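What follows is a set of notes on a single structure, which appears directly below.
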Amino acid sequence: MNGHHDALVIGIDIGTSGARAVAMTPDGAIVASGAAKLSAFSEDHRDPVGWWKAVQAAFGDVIEVVDRQRIRAISIDGTSGTMLPVAADGAPLARPMMYNDPVSDGAILDAIAAHAPKESAAHGATSGLAKVLAFQLVPDVFRVIHQADWLAGHFTGLYDVSDENNALKTGYDPVTRGWPEWIEKTGARAGLLPEVLPAGEPVATISPAAAEAFGLSREVVVVAGTTDGCASFLATGADRPGDGVSALGTTLTVKVLSDRPLFAPEYGLYSHRIGDMWLAGGASNTGGVVLAAHFTGEQIAELSARIDPANDTGLDYYPLTKPGERFPIADPNFEPRMTPRPQDDAMFLKAIFEGIAGVESLAYQRLTALGGPKLGSIRTVGGGAKNAAWSAIRARKLGVPFLVVHSEEAAAGTAQLALAGAKQAGVL
């Protein structure tokens, strides 16, 4: 293989609508990217053959335009909680269950509720553990694994390895770094659970068959991946305790890198382990959905130009479209607060911006109160990040530096794990 200075790693992201891939240099520069829609290969987003074809297409876009012999490592992220039962050769034995597919068997949910600690992420009908309990009844099942595990298996030939982030909702304990004993008390067969490695740790060298199929060196290392959410966080460049990332999409989500794990089940809050740090966050019901209930995109752009973000409206909004909040307040009956409404639409929009910024500030304060570090900086992703007036209001409310986002490509975050794994394996 060539020298390390011209090495490349590949990060692959599989989401609900498609796959993306990037090639990254050791200094973090993205030199090639590729994408493919799942719908181009299958009408069913639960079709694993379609997943793999989309990954092959996105990966193929990248390796067509780079020197394949420069590639040192590959890592893959997938949607958290998407699972399937497989045979030893990786053949799917049943239709996968997606991250948001609930298990309807009440006995399964009762067993988890009875034995899982309250802070475990394995609670709930959509948890990975609920899916293990459902899939273990499939005849001749070898393992029940996560979407990212299965796709990585196509590069290694191993279908019994996972990572600490995907395994979290399946009941894995990231503090003790192992499958806890209580899992078997739920009736789950421990032998069906995959081996779990830290995200960014080498799994194995590429299989001879995959190396030949893609024209890659047999020294390429396949690295334990992560969930799409964790990958998106890593892609922003956040890498120190106190680094926060706010996603201003349909809903508001906030995440912070912490030097200790945070668990608060009443808020749906748990922590992913990434190296020696922890990624904790929460999701509010406020966000772009509230804006869309009152204004079109064109109206928001026009009215934002009339907003002076330097002073307050004095209106104390908690913007929601209907009662109920998850984080930073956990109350299914929590009432929206959006009155009085000014006659001036620009003033009303400004008050909503202020209200969402207030929820964002309270969310980070809540994370600190639960044991997290004091917020040191914020990087912002999602459509709301592009609104200058809103950003200025947020900066005033939050009082910390707003930093540039390195990338909004989840595949770039996974590529960073590939870099870490390549260094650990000594191929970089």
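Chains: A, B, ... in order of the structure tokens. Residues: from 1 per chain. Ligands: from 1, in order shown.
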
Region 144-154 of chain A environment, 6 Å, only C-alpha atoms, sequence neighbours closer than 6 positions dropped, as a PDB file with C-alpha atoms, in the first residue's frame:
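Printed below is selection-v2.pdb as written:
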ATOM      1  CA  ILE A  76     -20.746   2.162   8.562  1.00  0.00           C
ATOM      2  CA  ASP A  77     -23.512   3.783  10.594  1.00  0.00           C
ATOM      3  CA  GLY A  78     -27.166   2.753  10.544  1.00  0.00           C
ATOM      4  CA  THR A  82     -33.354  -1.263  13.068  1.00  0.00           C
ATOM      5  CA  MET A  83     -32.809  -5.020  13.411  1.00  0.00           C
ATOM      6  CA  LEU A  84     -33.043  -8.338  11.627  1.00  0.00           C
ATOM      7  CA  PRO A  85     -32.514 -12.050  12.389  1.00  0.00           C
ATOM      8  CA  SER A 162     -21.918  -4.793  16.736  1.00  0.00           C
ATOM      9  CA  LEU A 192     -28.238 -14.550  19.841  1.00  0.00           C
TER      10      LEU A 192
END

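Between Leu262 (chain A) and the residues A:Ala411, A:Ala121, A:Ala190, A:Ile71, the shortest atom-to-atom distance, using only C-alpha atoms, involves A:Ala121.
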
- Message: Give me, as a VMD selection string, the residues of region 107-190 of chain A that a backbone DSSP run labels helix (DSSP H, G or I).
- Response: chain A and resid 107 to 115 128 to 135 147 to 156 168 to 170 182 to 185 190

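Going from CA of Asp47 (chain A) over to CA of Thr251 (chain A), you cover 28.0 Å.
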